[in-house]
Amino acid sequence: MEKDKKLVSEITSMETDFAKWYTDVVIKAELIDYSSVRGCLILRPYGFALWENIREVLDKKFKETGHENVCMPLFIPESLLEKEKDHVEGFAPEVAWVTHGGSEKLTERLCVRPTSETLFCEHYANIIHSWRDLPKLYNQWVSVVRWEKTTRPFLRHREFLWQEGHTIHATSDEAMEETLKMLDVYADFCENVLAMPVVKGQKTENEKFAGAVSTYAIEAMMHDGKALQSGTSHYFGDGFAKAFGIEFTDKDNKLKNPYQTSWGMSTRIIGGIIMTHGDDSGLVLPPYIAPAQVVVVPVAMHKPGVREKAEELYNTLKDAGIRVKIDTSDNSPGWKFAEYEMKGVPVRIEIGPKDLEQGSCVLVLRVNREKRFVPYGAILDEVNKAMADSHKLLFDKALLNRKARTFTAKTVDEMAEIINNKSGFIKAMWCGESACELEVKEKISLTSRCIPFEQEKISDTCAICGKPAKHMVYWGIAY
């Protein structure tokens, strides 16, 4: 067991240093490796498998809601990017530029895609002419580049993977309906697939996406009380359409500008999964997106029948469509148990000589290490039940953490006292003035996370200036 202890001890305790714990986990669980390109990280097979499973579930949801996948170019001409003033100003500090093609200097710089609104607009201007051409419900799965000053695995890469939906509609009502519908898709995915409870709401003017009329987001709380913006959906109005000359002839035979939306989720959600559910032994993965949902570990394989029964159980689960692996390596059972705990495999099945005698196996839940003794014939039902139970336990634990770390404050002094002594969300009233929001950010390093759809009246006045309040806002420190 000495090897097991060493393997676990290489992960720093969450309570000792949460940031170091996080880095230890992504490296030791073989999710990420560093590359020679500063700020650009390698997704190893286990990390990329997580993204593939996330992509598979989301892609199905997008197609069920009528969306089609497309793929836009990686490069954007500078002149095209500059057509929407607010948009280009918002991204200018993070843009990477291509100035040469081979040995020749380009006549116009090319931006390496930080997001694709401008390319979609150019395309829409070419293909949309009549109300019959609308709506267009598009999505793409691509990488983007943003030249971040500081990077961190999954949370901030200079190049990262995401999906970006871009839709265009005949009316503002249709576009707003799409914006909120896709926010609900993200919230449903986070809660019912990733076991991450989220707060849905609208971003303030200071925090909204560059070029958007309004931005909506889902905010999740990590184990340490910090917030993670986990998905966003933007309503653009007709601003981009006017800037790019997108017009269509409506049913009344008049030329009009259409209305647009954009929405996205990236690989930073993997960081959210790690920081929401992980523990001092490593990853704890939600069952529905885990690369391996079950691992079968035969114990004392040299004993008659052990390996054969383990392979039989493996095949039963595999044939049922469960993502299962079997470890018949010559590593010790103790090493294997520690390894798959660290990698967060939701369910472990142990089978040894005593289990053969009893006609059963041992099923262990990663989330709480509960052991269940299961007859062979019930293995499929019990594994499915264990995964459903694990999902609920993960969600309930995360929700309990959020509730325990959500505070209310009536004044900015109360906000400061809370954040100086605790970590989490602070619910406080706001007048709607940008100056008050910036004061909170400058004085106590809190940002507005969102104006939640579910409003509460904590007081009648703004916590910062004392004027009549317009909204209750979630404030916090975010990744």
# chains A, B, ... in the order shown; residues from 1 in each chain; ligands from 1
call {"tool": "residues_around", "arguments": {"residues": "stretch 264-280 of chain A", "least_positions_apart": "5", "cutoff": "8 Å", "atoms": "only C-alpha atoms", "output": "mmCIF file with C-alpha atoms, in the first residue's frame"}}
result
data_model
loop_
_atom_site.group_PDB
_atom_site.id
_atom_site.type_symbol
_atom_site.label_atom_id
_atom_site.label_comp_id
_atom_site.auth_asym_id
_atom_site.auth_seq_id
_atom_site.Cartn_x
_atom_site.Cartn_y
_atom_site.Cartn_z
ATOM 1 C CA VAL A 8 -2.478 10.220 -3.078
ATOM 2 C CA ILE A 11 -2.090 15.816 -4.433
ATOM 3 C CA THR A 12 -2.017 18.856 -2.149
ATOM 4 C CA SER A 13 -4.962 19.128 0.244
ATOM 5 C CA MET A 14 -7.738 21.453 -0.924
ATOM 6 C CA TRP A 21 -4.650 21.167 -5.372
ATOM 7 C CA TYR A 22 -6.289 22.079 -8.676
ATOM 8 C CA LEU A 50 -14.275 14.608 -21.139
ATOM 9 C CA TRP A 51 -14.704 17.330 -23.767
ATOM 10 C CA PRO A 153 -5.377 24.811 -17.068
ATOM 11 C CA PHE A 154 -8.882 24.755 -18.565
ATOM 12 C CA LEU A 155 -9.841 28.099 -17.001
ATOM 13 C CA ARG A 156 -7.741 30.358 -19.235
ATOM 14 C CA PHE A 160 -9.116 26.808 -26.197
ATOM 15 C CA LEU A 161 -11.974 24.716 -27.523
ATOM 16 C CA TRP A 162 -15.583 25.793 -27.443
ATOM 17 C CA GLN A 163 -18.851 25.851 -29.265
ATOM 18 C CA GLU A 164 -20.309 29.125 -30.443
ATOM 19 C CA GLY A 165 -23.893 29.347 -31.571
ATOM 20 C CA LEU A 194 -22.756 17.828 -14.798
ATOM 21 C CA MET A 196 -23.540 21.626 -11.060
ATOM 22 C CA ALA A 220 -21.761 28.234 -10.661
ATOM 23 C CA MET A 221 -20.010 28.210 -7.308
ATOM 24 C CA MET A 222 -16.795 26.263 -6.908
ATOM 25 C CA HIS A 223 -15.807 24.347 -3.767
ATOM 26 C CA ASP A 224 -13.736 27.308 -2.542
ATOM 27 C CA LEU A 228 -17.332 30.417 -12.476
ATOM 28 C CA SER A 230 -20.196 28.577 -16.982
ATOM 29 C CA GLY A 231 -22.137 29.553 -20.089
ATOM 30 C CA THR A 232 -23.365 32.753 -21.753
ATOM 31 C CA SER A 233 -26.099 33.722 -24.179
ATOM 32 C CA LEU A 285 -16.558 12.925 -12.153
ATOM 33 C CA PRO A 286 -20.284 13.217 -12.869
ATOM 34 C CA LEU A 394 -22.854 15.320 -6.248
ATOM 35 C CA ALA A 398 -22.626 21.261 -4.474
#
call {"tool": "residues_around", "arguments": {"residues": "stretch 423-431 of chain A", "least_positions_apart": "2", "cutoff": "7 Å", "atoms": "only C-alpha atoms", "output": "PyMOL selection string"}}
result
chain A and resi 224-226+405-410+415+419+433+458-459+461-463+467-476
call {"tool": "select_by_dssp", "arguments": {"residues": "stretch 42-123 of chain A", "states": "helix (DSSP H, G or I)", "output": "PyMOL selection string"}}
result
chain A and resi 45-64+78-81+85-94+117-123
call {"tool": "write_last_selection", "arguments": {"atoms": "C-alpha atoms", "output": "short mmCIF file (atom, residue, chain, number, x, y, z; two decimals), in the first residue's frame"}}
result
data_model
loop_
_atom_site.label_atom_id
_atom_site.label_comp_id
_atom_site.auth_asym_id
_atom_site.auth_seq_id
_atom_site.Cartn_x
_atom_site.Cartn_y
_atom_site.Cartn_z
CA PRO A 45 -6.69 11.68 -24.03
CA TYR A 46 -8.48 11.61 -20.67
CA GLY A 47 -9.06 15.37 -20.70
CA PHE A 48 -10.13 15.38 -24.34
CA ALA A 49 -12.49 12.44 -23.71
CA LEU A 50 -14.27 14.61 -21.14
CA TRP A 51 -14.70 17.33 -23.77
CA GLU A 52 -15.89 14.77 -26.34
CA ASN A 53 -18.62 13.55 -23.97
CA ILE A 54 -19.66 17.11 -23.15
CA ARG A 55 -19.73 17.91 -26.86
CA GLU A 56 -21.80 14.82 -27.67
CA VAL A 57 -24.50 15.67 -25.13
CA LEU A 58 -24.66 19.36 -26.01
CA ASP A 59 -24.56 18.75 -29.76
CA LYS A 60 -27.58 16.48 -29.43
CA LYS A 61 -29.43 19.16 -27.46
CA PHE A 62 -28.57 21.79 -30.07
CA LYS A 63 -29.82 19.63 -32.93
CA GLU A 64 -33.00 18.79 -31.02
CA GLU A 78 -8.75 43.39 -39.88
CA SER A 79 -11.19 45.48 -41.92
CA LEU A 80 -13.97 42.97 -41.25
CA LEU A 81 -13.28 42.86 -37.53
CA LYS A 85 -16.80 49.34 -33.11
CA ASP A 86 -17.78 48.10 -29.64
CA HIS A 87 -17.01 44.52 -30.58
CA VAL A 88 -13.48 45.18 -31.81
CA GLU A 89 -12.68 47.44 -28.85
CA GLY A 90 -13.78 44.71 -26.46
CA PHE A 91 -11.44 42.14 -28.00
CA ALA A 92 -8.51 44.33 -29.12
CA PRO A 93 -6.25 43.57 -26.11
CA GLU A 94 -6.57 39.79 -26.63
CA GLU A 117 -19.53 37.15 -34.98
CA THR A 118 -17.99 39.12 -37.84
CA LEU A 119 -17.52 36.06 -40.06
CA PHE A 120 -21.09 34.95 -39.48
CA CYS A 121 -22.33 38.46 -40.29
CA GLU A 122 -20.41 38.53 -43.56
CA HIS A 123 -21.89 35.13 -44.45
#
call {"tool": "atom_distance", "arguments": {"atom1": "atom CA of A:His169", "atom2": "atom CA of A:Ile218"}}
result
23.5 Å
call {"tool": "closest_residue", "arguments": {"among": "A:Lys136, A:Lys303, A:Arg372, A:Lys149", "to": "A:Tyr124", "atoms": "only C-alpha atoms"}}
result
A:Lys136
call {"tool": "residues_around", "arguments": {"residues": "stretch 251-261 of chain A", "least_positions_apart": "2", "cutoff": "7 Å", "atoms": "only C-alpha atoms", "output": "ChimeraX atom specification"}}
result
/A:131,166-172,175,179,234-238,241-242,246-249,263
call {"tool": "write_last_selection", "arguments": {"atoms": "C-alpha atoms", "output": "PDB file, in the first residue's frame"}}
result
ATOM      1  CA  TRP A 131     -37.992  36.524 -44.781  1.00  0.00           C
ATOM      2  CA  HIS A 166     -24.890  32.148 -33.938  1.00  0.00           C
ATOM      3  CA  THR A 167     -28.499  32.654 -34.974  1.00  0.00           C
ATOM      4  CA  ILE A 168     -30.353  35.304 -36.944  1.00  0.00           C
ATOM      5  CA  HIS A 169     -34.086  36.060 -36.872  1.00  0.00           C
ATOM      6  CA  ALA A 170     -36.737  38.210 -38.511  1.00  0.00           C
ATOM      7  CA  THR A 171     -37.944  39.801 -35.261  1.00  0.00           C
ATOM      8  CA  SER A 172     -36.489  40.909 -31.947  1.00  0.00           C
ATOM      9  CA  ALA A 175     -34.146  36.492 -31.187  1.00  0.00           C
ATOM     10  CA  THR A 179     -31.323  33.840 -26.323  1.00  0.00           C
ATOM     11  CA  HIS A 234     -26.145  37.119 -25.896  1.00  0.00           C
ATOM     12  CA  TYR A 235     -28.904  39.151 -27.539  1.00  0.00           C
ATOM     13  CA  PHE A 236     -27.403  41.402 -30.223  1.00  0.00           C
ATOM     14  CA  GLY A 237     -30.488  43.208 -31.441  1.00  0.00           C
ATOM     15  CA  ASP A 238     -29.956  44.533 -34.990  1.00  0.00           C
ATOM     16  CA  ALA A 241     -26.904  43.556 -38.950  1.00  0.00           C
ATOM     17  CA  LYS A 242     -26.765  47.316 -39.516  1.00  0.00           C
ATOM     18  CA  ILE A 246     -27.581  42.521 -43.540  1.00  0.00           C
ATOM     19  CA  GLU A 247     -31.066  43.180 -44.922  1.00  0.00           C
ATOM     20  CA  PHE A 248     -34.048  41.090 -45.927  1.00  0.00           C
ATOM     21  CA  THR A 249     -37.359  41.748 -47.629  1.00  0.00           C
ATOM     22  CA  TRP A 263     -24.142  31.738 -27.155  1.00  0.00           C
TER      23      TRP A 263
END
call {"tool": "select_by_dssp", "arguments": {"residues": "stretch 2-183 of chain A", "states": "strand (DSSP E or B)", "output": "VMD selection string"}}
result
chain A and resid 32 to 34 41 to 43 68 to 69 75 to 77 96 to 101 104 to 112 130 136 to 145 152 156 159 to 169
call {"tool": "closest_atom_pairs", "arguments": {"of": "stretch 309-338 of chain A", "to": "stretch 347-361 of chain A", "cutoff": "10 Å", "atoms": "only C-alpha atoms", "output": "tab-separated table"}}
result
residue	atom	partner	partner_atom	distance
A:Lys309	CA	A:Ile351	CA	8.0
A:Ala310	CA	A:Ile351	CA	6.6
A:Leu313	CA	A:Ile349	CA	9.1
A:Tyr314	CA	A:Ile349	CA	9.4
A:Val324	CA	A:Val347	CA	9.4
A:Lys325	CA	A:Arg348	CA	9.9
A:Ile326	CA	A:Ile349	CA	9.3
A:Pro333	CA	A:Glu350	CA	9.1
A:Phe337	CA	A:Arg348	CA	8.1
call {"tool": "residues_around", "arguments": {"residues": "A:Pro114", "least_positions_apart": "4", "cutoff": "7 Å", "atoms": "only C-alpha atoms", "output": "list in words"}}
result
Val95, Val144, Val145 and Arg146 of chain A
call {"tool": "write_last_selection", "arguments": {"atoms": "N, CA and C atoms", "output": "compact mmCIF listing (two decimals), in the first residue's frame"}}
result
# COMPACT_ATOMS: atom_id res chain seq x y z
N VAL A 95 -6.32 40.06 -29.05
CA VAL A 95 -6.26 39.56 -30.42
C VAL A 95 -4.82 39.19 -30.81
N VAL A 144 -10.51 28.78 -30.45
CA VAL A 144 -10.34 30.22 -30.60
C VAL A 144 -9.07 30.63 -29.86
N VAL A 145 -8.58 31.81 -30.19
CA VAL A 145 -7.33 32.31 -29.59
C VAL A 145 -7.59 33.66 -28.94
N ARG A 146 -7.21 33.77 -27.68
CA ARG A 146 -7.26 35.04 -26.95
C ARG A 146 -5.96 35.16 -26.16
call {"tool": "atom_distance", "arguments": {"atom1": "atom CA of A:Thr16", "atom2": "atom CA of A:Asp396"}}
result
24.3 Å
call {"tool": "closest_residue", "arguments": {"among": "A:Asn192, A:Thr150, A:Asn331, A:Ser36", "to": "A:Lys392", "atoms": "only C-alpha atoms"}}
result
A:Asn192
call {"tool": "closest_residue", "arguments": {"among": "A:Pro77, A:Lys403, A:Val26, A:Gly321", "to": "A:Thr107", "atoms": "only C-alpha atoms"}}
result
A:Pro77
call {"tool": "closest_residue", "arguments": {"among": "A:Val199, A:Ile289, A:Val295, A:Ala125", "to": "A:Phe244", "atoms": "only C-alpha atoms"}}
result
A:Ala125
